[in-house]
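So this one's coords.txt, compact mmCIF, C-alpha atoms (C1' of nucleotides):
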```
# COMPACT_ATOMS: atom_id res chain seq x y z
CA MET A 28 113.17 -134.46 56.45
CA GLN A 29 112.77 -135.85 52.95
CA ASN A 30 109.92 -138.09 53.90
CA GLU A 31 107.36 -137.73 56.57
CA ARG A 32 106.56 -141.42 56.55
CA ALA A 33 109.24 -144.03 55.95
CA ASP A 34 106.69 -146.59 54.85
CA LYS A 35 105.85 -144.56 51.79
CA PRO A 36 109.31 -143.73 50.47
CA ASN A 37 108.32 -142.91 46.93
CA GLN A 38 105.64 -140.47 47.74
CA LYS A 39 106.34 -136.76 47.65
CA VAL A 40 106.64 -134.93 50.88
CA LYS A 41 103.39 -133.19 51.75
CA ARG A 42 101.55 -135.18 49.16
CA SER A 43 97.87 -134.75 49.48
CA HIS A 44 98.04 -132.24 52.27
CA ASN A 45 96.34 -128.96 51.89
CA ARG A 46 97.51 -127.11 48.85
CA GLU A 47 94.66 -124.75 49.51
CA GLN A 48 96.37 -122.79 52.24
CA PRO A 49 99.44 -121.97 50.12
CA LEU A 50 97.14 -120.96 47.30
CA LEU A 51 95.21 -118.63 49.55
CA ASP A 52 98.42 -117.18 50.94
CA ALA A 53 99.64 -116.46 47.44
CA ALA A 54 96.30 -114.97 46.45
CA ALA A 55 96.23 -112.76 49.56
CA LYS A 56 99.73 -111.52 48.82
CA LEU A 57 98.90 -110.69 45.22
CA PHE A 58 95.48 -109.21 45.88
CA ALA A 59 97.06 -106.99 48.53
CA SER A 60 99.77 -105.71 46.23
CA LYS A 61 98.17 -105.69 42.79
CA GLY A 62 94.47 -105.55 43.56
CA TYR A 63 91.78 -108.09 42.69
CA LYS A 64 91.38 -107.23 39.03
CA GLY A 65 95.14 -106.76 38.66
CA THR A 66 95.85 -110.31 39.80
CA THR A 67 95.39 -113.22 37.41
CA MET A 68 94.88 -116.87 38.13
CA ARG A 69 98.24 -117.46 36.46
CA ASP A 70 99.90 -115.09 38.91
CA ILE A 71 98.48 -116.98 41.84
CA GLY A 72 99.37 -120.36 40.42
CA SER A 73 102.91 -119.47 39.58
CA GLU A 74 103.51 -118.22 43.14
CA VAL A 75 102.98 -121.76 44.37
CA GLY A 76 104.29 -123.56 41.30
CA MET A 77 100.95 -124.71 40.03
CA LEU A 78 99.54 -124.33 36.55
CA PRO A 79 96.35 -122.37 35.99
CA GLY A 80 94.22 -125.39 35.20
CA SER A 81 95.17 -127.17 38.39
CA MET A 82 93.81 -124.52 40.66
CA TYR A 83 90.28 -125.19 39.53
CA TYR A 84 90.45 -128.47 41.34
CA HIS A 85 90.68 -126.50 44.61
CA PHE A 86 88.55 -123.44 43.87
CA LYS A 87 85.90 -123.21 41.25
CA SER A 88 86.54 -119.56 40.38
CA LYS A 89 88.64 -116.51 41.13
CA GLN A 90 85.77 -115.04 43.10
CA GLU A 91 85.69 -118.06 45.31
CA ILE A 92 89.34 -117.48 46.11
CA LEU A 93 88.64 -113.91 47.09
CA LEU A 94 85.79 -115.08 49.26
CA ALA A 95 88.03 -117.60 51.01
CA VAL A 96 90.75 -115.00 51.56
CA TYR A 97 88.25 -112.55 53.01
CA LYS A 98 86.81 -115.19 55.28
CA GLN A 99 90.18 -116.04 56.68
CA ALA A 100 91.10 -112.39 57.01
CA VAL A 101 88.03 -111.56 59.04
CA TYR A 102 88.27 -114.65 61.18
CA SER A 103 91.89 -114.22 62.13
CA LEU A 104 91.89 -110.47 62.67
CA LYS A 105 88.68 -110.64 64.65
CA THR A 106 90.07 -113.38 66.83
CA ARG A 107 93.29 -111.51 67.42
CA VAL A 108 91.56 -108.25 68.33
CA GLU A 109 89.18 -110.04 70.66
CA GLU A 110 92.13 -111.62 72.43
CA VAL A 111 93.87 -108.34 73.13
CA ILE A 112 90.78 -106.48 74.28
CA ALA A 113 89.93 -109.32 76.66
CA GLU A 114 93.13 -108.49 78.53
CA GLN A 115 92.07 -104.92 79.25
CA GLU A 116 89.48 -103.48 81.61
CA ASN A 117 89.48 -99.77 80.93
CA PRO A 118 87.21 -98.98 77.96
CA TRP A 119 89.55 -96.39 76.47
CA ARG A 120 92.45 -98.76 76.84
CA ARG A 121 90.40 -101.49 75.19
CA LEU A 122 89.75 -99.24 72.21
CA GLU A 123 93.41 -98.33 72.07
CA VAL A 124 94.69 -101.91 71.98
CA ALA A 125 92.10 -102.86 69.37
CA THR A 126 93.29 -99.93 67.28
CA LYS A 127 96.92 -100.87 67.76
CA THR A 128 96.27 -104.48 66.78
CA HIS A 129 94.35 -103.46 63.69
CA LEU A 130 97.17 -101.14 62.67
CA GLU A 131 99.83 -103.77 63.21
CA ALA A 132 97.92 -106.13 60.97
CA ILE A 133 97.60 -103.78 58.04
CA ILE A 134 101.12 -102.44 58.37
CA ASN A 135 103.10 -105.61 59.00
CA LYS A 136 103.03 -108.02 56.13
CA ASN A 137 99.57 -109.30 56.95
CA ASP A 138 98.29 -109.71 53.44
CA TYR A 139 94.92 -110.98 54.57
CA ALA A 140 94.19 -107.89 56.62
CA GLN A 141 95.20 -105.70 53.71
CA VAL A 142 92.85 -107.51 51.37
CA MET A 143 90.00 -107.02 53.80
CA THR A 144 90.65 -103.32 54.22
CA GLU A 145 91.73 -102.45 50.67
CA ILE A 146 89.68 -104.55 48.29
CA LYS A 147 86.24 -103.09 48.28
CA PRO A 148 83.27 -105.44 47.93
CA HIS A 149 82.04 -103.89 44.70
CA LYS A 150 85.16 -105.13 42.88
CA ALA A 151 83.50 -108.52 42.78
CA PRO A 152 79.82 -107.68 42.30
CA GLU A 153 78.58 -111.27 42.34
CA ILE A 154 79.80 -111.83 45.88
CA ARG A 155 79.46 -108.28 47.04
CA SER A 156 76.90 -108.81 49.76
CA GLU A 157 78.88 -111.63 51.31
CA LEU A 158 82.02 -109.53 51.43
CA THR A 159 80.15 -106.61 52.96
CA ALA A 160 78.60 -108.83 55.61
CA MET A 161 82.06 -110.07 56.59
CA ARG A 162 83.44 -106.57 56.87
CA ASN A 163 80.51 -105.52 59.02
CA SER A 164 81.01 -108.48 61.26
CA TYR A 165 84.55 -107.27 61.92
CA GLU A 166 83.61 -103.64 62.39
CA GLY A 167 81.02 -104.74 64.91
CA ILE A 168 83.87 -105.08 67.40
CA PHE A 169 84.41 -101.34 67.15
CA VAL A 170 80.71 -100.62 67.49
CA ASP A 171 80.77 -102.49 70.79
CA LEU A 172 83.96 -100.89 72.03
CA ILE A 173 82.58 -97.43 71.35
CA ASN A 174 79.30 -98.23 73.07
CA GLU A 175 81.28 -99.00 76.22
CA LEU A 176 82.91 -95.58 76.32
CA PRO A 177 81.76 -92.87 78.71
CA LEU A 178 80.93 -90.26 76.07
CA LYS A 179 79.24 -86.89 76.20
CA SER A 180 75.63 -87.24 75.19
CA ASP A 181 76.01 -85.16 72.03
CA VAL A 182 78.73 -87.36 70.51
CA ASN A 183 77.73 -89.00 67.24
CA LYS A 184 78.98 -92.54 67.81
CA LYS A 185 78.72 -93.59 64.21
CA LEU A 186 80.80 -90.66 63.06
CA PHE A 187 83.27 -91.36 65.84
CA ARG A 188 83.73 -94.91 64.68
CA LEU A 189 83.91 -94.09 61.00
CA MET A 190 86.45 -91.37 61.56
CA LEU A 191 88.62 -93.79 63.49
CA ILE A 192 88.34 -96.66 61.02
CA GLY A 193 88.75 -94.38 58.02
CA ALA A 194 91.88 -92.89 59.48
CA LEU A 195 93.23 -96.33 60.39
CA ASN A 196 92.74 -97.89 57.01
CA SER A 197 94.50 -95.02 55.32
CA VAL A 198 97.62 -95.41 57.43
CA LYS A 199 99.22 -97.99 55.16
CA ILE A 200 99.32 -95.47 52.33
CA TRP A 201 101.86 -93.30 54.08
CA PHE A 202 103.36 -95.37 56.89
CA GLN A 203 107.15 -95.51 57.14
CA PRO A 204 108.50 -97.81 59.86
CA THR A 205 111.19 -95.34 60.84
CA ASP A 206 108.70 -92.55 61.50
CA ILE A 207 106.63 -93.95 64.24
CA THR A 208 105.22 -97.22 65.59
CA PRO A 209 101.67 -98.57 65.26
CA GLU A 210 101.40 -98.18 69.01
CA ASP A 211 102.24 -94.47 68.79
CA ILE A 212 99.70 -93.93 66.06
CA ALA A 213 97.01 -95.81 67.96
CA SER A 214 97.57 -93.81 71.09
CA GLU A 215 97.55 -90.50 69.20
CA PHE A 216 94.39 -91.30 67.26
CA VAL A 217 92.53 -92.43 70.36
CA ARG A 218 93.77 -89.41 72.28
CA TYR A 219 92.38 -87.07 69.64
CA LEU A 220 88.99 -88.65 69.91
CA ARG A 221 89.04 -89.00 73.67
CA GLN A 222 89.93 -85.45 74.57
CA SER A 223 87.03 -84.05 72.64
CA SER A 224 84.35 -86.53 73.50
CA GLU A 225 84.90 -87.99 76.97
CA ILE A 226 82.49 -87.02 79.74
CA MET B 13 68.64 -76.83 17.33
CA GLN B 14 69.56 -79.29 14.64
CA ASN B 15 72.34 -77.17 13.25
CA GLU B 16 74.53 -74.65 14.87
CA ARG B 17 75.38 -72.97 11.61
CA ALA B 18 72.84 -72.69 8.80
CA ASP B 19 75.52 -72.25 6.20
CA LYS B 20 76.76 -75.76 6.74
CA PRO B 21 73.53 -77.68 6.75
CA ASN B 22 74.96 -81.11 6.05
CA GLN B 23 77.47 -81.11 8.80
CA LYS B 24 76.75 -82.82 12.07
CA VAL B 25 75.96 -80.71 15.07
CA LYS B 26 79.05 -80.22 17.25
CA ARG B 27 81.26 -81.29 14.40
CA SER B 28 84.92 -80.84 15.12
CA HIS B 29 84.55 -79.43 18.60
CA ASN B 30 86.37 -81.01 21.45
CA ARG B 31 85.45 -84.60 21.79
CA GLU B 32 88.16 -84.88 24.39
CA GLN B 33 86.18 -83.41 27.24
CA PRO B 34 83.24 -85.80 26.82
CA LEU B 35 85.73 -88.66 26.63
CA LEU B 36 87.38 -87.58 29.86
CA ASP B 37 84.02 -87.15 31.56
CA ALA B 38 83.04 -90.66 30.55
CA ALA B 39 86.37 -92.04 31.69
CA ALA B 40 86.11 -90.23 35.04
CA LYS B 41 82.64 -91.61 35.58
CA LEU B 42 83.69 -95.16 34.79
CA PHE B 43 87.01 -95.05 36.66
CA ALA B 44 85.13 -93.74 39.70
CA SER B 45 82.55 -96.48 39.65
CA LYS B 46 84.39 -99.52 38.27
CA GLY B 47 88.02 -98.72 38.99
CA TYR B 48 90.87 -98.23 36.53
CA LYS B 49 91.50 -101.87 35.72
CA GLY B 50 87.78 -102.56 35.72
CA THR B 51 87.14 -100.02 32.98
CA THR B 52 87.91 -100.85 29.36
CA MET B 53 88.56 -98.58 26.43
CA ARG B 54 85.40 -100.01 24.89
CA ASP B 55 83.41 -98.96 27.98
CA ILE B 56 84.67 -95.42 27.70
CA GLY B 57 84.03 -95.20 23.99
CA SER B 58 80.52 -96.55 24.18
CA GLU B 59 79.61 -93.95 26.82
CA VAL B 60 80.17 -91.24 24.23
CA GLY B 61 79.18 -93.27 21.17
CA MET B 62 82.66 -93.70 19.82
CA LEU B 63 84.30 -96.91 18.71
CA PRO B 64 87.46 -98.13 20.43
CA GLY B 65 89.76 -97.35 17.54
CA SER B 66 88.63 -93.76 17.30
CA MET B 67 89.71 -92.85 20.78
CA TYR B 68 93.34 -93.40 19.94
CA TYR B 69 93.17 -90.32 17.78
CA HIS B 70 92.62 -88.29 20.96
CA PHE B 71 94.66 -90.21 23.53
CA LYS B 72 97.49 -92.54 22.79
CA SER B 73 96.76 -94.96 25.62
CA LYS B 74 94.48 -95.75 28.52
CA GLN B 75 97.13 -94.47 30.92
CA GLU B 76 97.16 -91.15 29.20
CA ILE B 77 93.45 -90.87 29.79
CA LEU B 78 93.91 -91.56 33.48
CA LEU B 79 96.63 -88.95 33.60
CA ALA B 80 94.39 -86.37 31.96
CA VAL B 81 91.52 -87.16 34.33
CA TYR B 82 93.80 -86.83 37.34
CA LYS B 83 95.19 -83.56 36.08
CA GLN B 84 91.76 -82.08 35.69
CA ALA B 85 90.66 -83.47 39.05
CA VAL B 86 93.54 -81.89 40.89
CA TYR B 87 93.29 -78.60 39.07
CA SER B 88 89.59 -78.12 39.64
CA LEU B 89 89.41 -79.31 43.23
CA LYS B 90 92.48 -77.33 44.19
CA THR B 91 91.04 -74.21 42.61
CA ARG B 92 87.71 -74.67 44.31
CA VAL B 93 89.25 -75.24 47.75
CA GLU B 94 91.53 -72.25 47.37
CA GLU B 95 88.53 -70.11 46.54
CA VAL B 96 86.63 -71.02 49.66
CA ILE B 97 89.55 -70.68 52.04
CA ALA B 98 90.35 -67.25 50.62
CA GLU B 99 87.01 -66.08 51.98
CA GLN B 100 87.87 -66.99 55.55
CA GLU B 101 90.23 -65.44 58.06
CA ASN B 102 90.14 -67.68 61.08
CA PRO B 103 92.56 -70.59 60.62
CA TRP B 104 90.23 -73.19 62.12
CA ARG B 105 87.41 -71.93 59.98
CA ARG B 106 89.66 -72.10 56.94
CA LEU B 107 90.42 -75.74 57.68
CA GLU B 108 86.75 -76.41 58.17
CA VAL B 109 85.64 -74.95 54.86
CA ALA B 110 88.43 -76.75 53.01
CA THR B 111 87.26 -79.97 54.63
CA LYS B 112 83.66 -79.28 53.76
CA THR B 113 84.52 -78.51 50.14
CA HIS B 114 86.60 -81.64 49.80
CA LEU B 115 83.76 -83.71 51.23
CA GLU B 116 81.18 -82.18 48.94
CA ALA B 117 83.33 -83.04 45.96
CA ILE B 118 83.76 -86.69 46.79
CA ILE B 119 80.19 -87.14 47.90
CA ASN B 120 78.30 -85.25 45.20
CA LYS B 121 78.66 -86.78 41.80
CA ASN B 122 82.10 -85.30 41.21
CA ASP B 123 83.66 -88.21 39.37
CA TYR B 124 86.99 -86.46 38.96
CA ALA B 125 87.43 -85.96 42.70
CA GLN B 126 86.55 -89.58 43.29
CA VAL B 127 89.13 -90.76 40.81
CA MET B 128 91.79 -88.67 42.52
CA THR B 129 90.96 -89.98 45.96
CA GLU B 130 90.09 -93.58 45.11
CA ILE B 131 92.40 -94.69 42.31
CA LYS B 132 95.78 -95.21 43.86
CA PRO B 133 98.84 -94.31 41.80
CA HIS B 134 100.23 -97.84 41.86
CA LYS B 135 97.31 -99.06 39.73
CA ALA B 136 99.14 -97.56 36.75
CA PRO B 137 102.80 -98.19 37.57
CA GLU B 138 104.20 -96.50 34.47
CA ILE B 139 102.72 -93.15 35.43
CA ARG B 140 102.82 -93.68 39.16
CA SER B 141 105.19 -90.89 40.04
CA GLU B 142 103.23 -88.33 38.07
CA LEU B 143 100.00 -89.32 39.78
CA THR B 144 101.64 -89.17 43.19
CA ALA B 145 103.07 -85.73 42.49
CA MET B 146 99.62 -84.45 41.58
CA ARG B 147 98.08 -85.84 44.74
CA ASN B 148 100.79 -84.26 46.82
CA SER B 149 100.26 -80.97 45.14
CA TYR B 150 96.65 -81.08 46.28
CA GLU B 151 97.40 -82.26 49.80
CA GLY B 152 99.85 -79.40 50.09
CA ILE B 153 96.86 -77.15 50.72
CA PHE B 154 96.17 -79.06 53.90
CA VAL B 155 99.81 -78.93 54.95
CA ASP B 156 99.62 -75.14 54.74
CA LEU B 157 96.28 -74.91 56.49
CA ILE B 158 97.56 -77.00 59.38
CA ASN B 159 100.74 -74.96 59.66
CA GLU B 160 98.60 -71.87 60.24
CA LEU B 161 96.82 -73.41 63.22
CA PRO B 162 97.70 -72.44 66.79
CA LEU B 163 98.60 -75.93 68.00
CA LYS B 164 100.13 -77.24 71.18
CA SER B 165 103.82 -77.83 70.65
CA ASP B 166 103.56 -81.59 71.09
CA VAL B 167 101.07 -82.08 68.28
CA ASN B 168 102.34 -84.23 65.43
CA LYS B 169 101.20 -82.19 62.44
CA LYS B 170 101.75 -84.92 59.92
CA LEU B 171 99.63 -87.35 61.89
CA PHE B 172 97.02 -84.65 62.34
CA ARG B 173 96.79 -84.12 58.59
CA LEU B 174 96.82 -87.78 57.68
CA MET B 175 94.14 -88.61 60.21
CA LEU B 176 91.95 -85.90 58.75
CA ILE B 177 92.50 -86.81 55.10
CA GLY B 178 92.22 -90.53 55.79
CA ALA B 179 88.92 -90.01 57.55
CA LEU B 180 87.65 -87.73 54.78
CA ASN B 181 88.44 -90.03 51.94
CA SER B 182 86.69 -92.90 53.63
CA VAL B 183 83.45 -90.98 54.00
CA LYS B 184 82.12 -91.92 50.58
CA ILE B 185 82.11 -95.58 51.57
CA TRP B 186 79.37 -95.13 54.12
CA PHE B 187 77.77 -91.75 53.44
CA GLN B 188 73.97 -91.62 53.13
CA PRO B 189 72.55 -88.21 52.22
CA THR B 190 69.70 -88.57 54.69
CA ASP B 191 72.01 -89.11 57.64
CA ILE B 192 73.95 -85.93 57.73
CA THR B 193 75.40 -83.21 55.49
CA PRO B 194 79.01 -82.74 54.38
CA GLU B 195 79.00 -79.56 56.42
CA ASP B 196 78.03 -81.43 59.57
CA ILE B 197 80.72 -84.02 59.00
CA ALA B 198 83.35 -81.37 58.37
CA SER B 199 82.50 -79.48 61.51
CA GLU B 200 82.51 -82.64 63.61
CA PHE B 201 85.84 -83.88 62.24
CA VAL B 202 87.51 -80.54 62.75
CA ARG B 203 86.03 -80.21 66.21
CA TYR B 204 87.50 -83.57 67.22
CA LEU B 205 90.93 -82.47 66.16
CA ARG B 206 90.63 -78.96 67.52
CA GLN B 207 89.53 -79.75 71.04
CA SER B 208 92.49 -81.99 71.63
CA SER B 209 95.22 -80.00 69.97
CA GLU B 210 94.50 -76.28 70.17
CA ILE B 211 96.68 -74.14 72.40
C1' DG C 28 95.84 -133.77 42.27
C1' DT C 29 98.33 -132.00 38.62
C1' DC C 30 99.26 -131.88 33.97
C1' DT C 31 98.44 -130.62 28.76
C1' DA C 32 95.75 -128.53 25.65
C1' DT C 33 92.50 -125.58 24.37
C1' DA C 34 88.15 -123.25 24.19
C1' DA C 35 85.99 -118.77 24.07
C1' DG C 36 86.13 -114.36 24.78
C1' DA C 37 87.98 -109.75 26.04
C1' DA C 38 91.78 -106.61 26.37
C1' DG C 39 94.91 -102.68 24.50
C1' DA C 40 96.40 -101.02 20.47
C1' DT C 41 97.29 -100.27 15.23
C1' DA C 42 96.53 -99.69 9.98
C1' DG C 43 94.26 -97.89 6.53
C1' DA C 44 89.73 -96.74 4.20
C1' DC C 45 86.57 -93.07 4.15
C1' DG D 29 87.96 -87.45 13.09
C1' DT D 30 85.71 -91.68 12.91
C1' DC D 31 85.04 -96.17 11.12
C1' DT D 32 86.17 -101.10 9.87
C1' DA D 33 88.97 -104.65 10.46
C1' DT D 34 92.34 -106.89 12.69
C1' DC D 35 96.68 -108.16 15.42
C1' DT D 36 98.40 -109.86 19.48
C1' DT D 37 98.17 -111.02 23.81
C1' DC D 38 95.99 -112.20 27.87
C1' DT D 39 91.97 -113.70 30.45
C1' DT D 40 88.91 -117.18 33.05
C1' DA D 41 87.63 -121.53 32.74
C1' DT D 42 86.99 -126.52 31.01
C1' DA D 43 88.07 -131.43 29.28
C1' DG D 44 90.46 -135.21 29.60
C1' DA D 45 95.09 -137.67 29.94
C1' DC D 46 98.15 -139.26 33.46
```

What do you get writing this file as C-alpha cells?
Amino acid sequence: MQNERADKPNQKVKRSHNREQPLLDAAAKLFASKGYKGTTMRDIGSEVGMLPGSMYYHFKSKQEILLAVYKQAVYSLKTRVEEVIAEQENPWRRLEVATKTHLEAIINKNDYAQVMTEIKPHKAPEIRSELTAMRNSYEGIFVDLINELPLKSDVNKKLFRLMLIGALNSVKIWFQPTDITPEDIASEFVRYLRQSSEI
Amino acid sequence: MQNERADKPNQKVKRSHNREQPLLDAAAKLFASKGYKGTTMRDIGSEVGMLPGSMYYHFKSKQEILLAVYKQAVYSLKTRVEEVIAEQENPWRRLEVATKTHLEAIINKNDYAQVMTEIKPHKAPEIRSELTAMRNSYEGIFVDLINELPLKSDVNKKLFRLMLIGALNSVKIWFQPTDITPEDIASEFVRYLRQSSEI
DNA sequence: GTCTATAAGAAGATAGAC
DNA sequence: GTCTATCTTCTTATAGAC
C-alpha cells in the first residue's frame, strides 16, 4: 500500500487529497479538549504534521476553522438523529432515541459534537450569528419532537425542551462509563419529563 | 466628598484601602463575559484604572485571581442558599427555594456566580483540583437537600441532582427576563422531578 | 501544497524608580 | 501601592521560495 497508483511511483501517497479533513479532525479534537481560545494554530498544525503557515492555504483564519468544524458537527449529528427517529413511531420513544443518540455523541469521543455543545458562539464574536443559527437548526429537531408529544395543556414546551437539552449537555461533565450507559440516562431523563407532563 | 479625612488634604480619596475587592469585581465581570482565557490582565487592570504591572502587587498571577474569584463566589452563594433553605421546613419547598436562589444568582448580574458555573476547572489546569473542590463544596448543598426528599426507592439520586443542576446552569444561555421569572422556572423544574419521583 | 522566515502585535510577568 | 519600562514568549497571519 505504498502507492495508490503504480504509474506515479515517485509521488507521495495521498498527495493532493484532502488535507482539510484531517485538519478539521485535529481542530475538533483540540477545541473539544482545550477550548477555542486555548487552542492555537500551531497546536492544530502539529497534530497533523503541518507547519502553521501551511494551514492558511486551506483555511484563511482560525475562525473559519471553527466555522467548518461547527458545520460538520451540526450536519452529522442532525443526520444521525434524524435516522434513528425515523425508525420509531411512538412520540415518546422518538424523543428517547434522539436523546440517547445525542448523549452517545457527546460522551463517546465525538469531538465535533462536543465542540457544538461546549464552545459557545460568543467565543468567536465575528461569526457568532452563524454559529447560533447552526445550533438552532439542530435544536429544531427537539422542537419538533416535543410538538408531537401528547402533553397536558399547561406544559411549557420551551421550558420542557430547555430543561432536557440543558441536562443533556451537562452530562459529559460528570459521566463515568462504569456508572451507567447513555441509554439508561436517556430513558431516565425522558421518564422524569413524561411522568409529570403526559396527558 | 473630595476627601474622607480633612487632616490629610493632599492624599487621594480611598488611599490605601482595599484595591483587591475592586480588582476581583472587575475580574469576575470580565471572566463571566469573555471567559478566563479571553480576559487579559490588561483588561482587568483597565477596568479599575490600574496598569498591568501594579496588579502583581496584589495577586501574583492570573490564576490566583481566578482562585480568589471562585472562592468568593462559592462562599457567598453557599451562604445565601443556606439562608433561604433555613427558612423552610418542607423538603420539596427547601429544594425549590435553593433552586430559585441559584437561578437568581446566575441570571441577575451576579458575575461571581456566573464564573463559578461557567468557567470549568480545566481551563486553569494548575489550580484545577482546588476549583473542583470548591464546586463540589457548593453542590454538596444539593446532595443534602435531595437526601431529605421522600423519594421512591428506585430513584437514582445522583442522576436526579445532575439533571437539576445541569438544567439550571444552562438557563442563562436562553433566559429572557420578559419570558418568565426565576421563581417560575424553579417551580417548574422541581415539579417535573417531583411528580415522577415522589413516594 | 508545504516550507522558511518573519512581520506585528499581544500575552503574562518582573525590576526598579517614585 | 502604583508607575514606567521592559523581558520573554507566544499569537495570528502573510510573503515568497521551492

Please, which residues of chain A lie no more than 10 Å from chain B when the count uses all atoms listed in the file, and can they be set out as an NGL selection string?
:A and (60-65 or 147 or 149-150 or 182-183 or 186-187 or 189-198 or 200-201 or 207 or 212 or 215-216 or 218-224)

Quick one: which chain C residues come within 8 Å of chain A, and what is the nearest atom pair for each with the distance in Å to one decimal, counting all atoms listed in the file, rows ordered by chain and ascending number, as a Markdown table?
```
| residue | atom | partner | partner_atom | distance |
| --- | --- | --- | --- | --- |
| C:DG28 | C1' | A:Ser43 | CA | 7.6 |
| C:DT29 | C1' | A:Ser81 | CA | 5.8 |
| C:DC30 | C1' | A:Ser81 | CA | 7.6 |
```

Residues of chain D within 12 Å of chain A: nearest atom pair and distance (Å, one decimal) for each, counting only C-alpha atoms (C1' of nucleotides), sorted by chain and number, as a tab-separated table?
```
residue	atom	partner	partner_atom	distance
D:DC38	C1'	A:Thr67	CA	9.6
D:DT39	C1'	A:Thr67	CA	7.8
D:DT40	C1'	A:Met68	CA	7.8
D:DA41	C1'	A:Ser88	CA	8.0
D:DT42	C1'	A:Gly80	CA	8.4
D:DA43	C1'	A:Gly80	CA	10.5
D:DG44	C1'	A:Gly80	CA	11.9
```

What is the CA of Gly61 in chain B-CA of Ile77 in chain B distance in Å, reported with one decimal?
16.8 Å
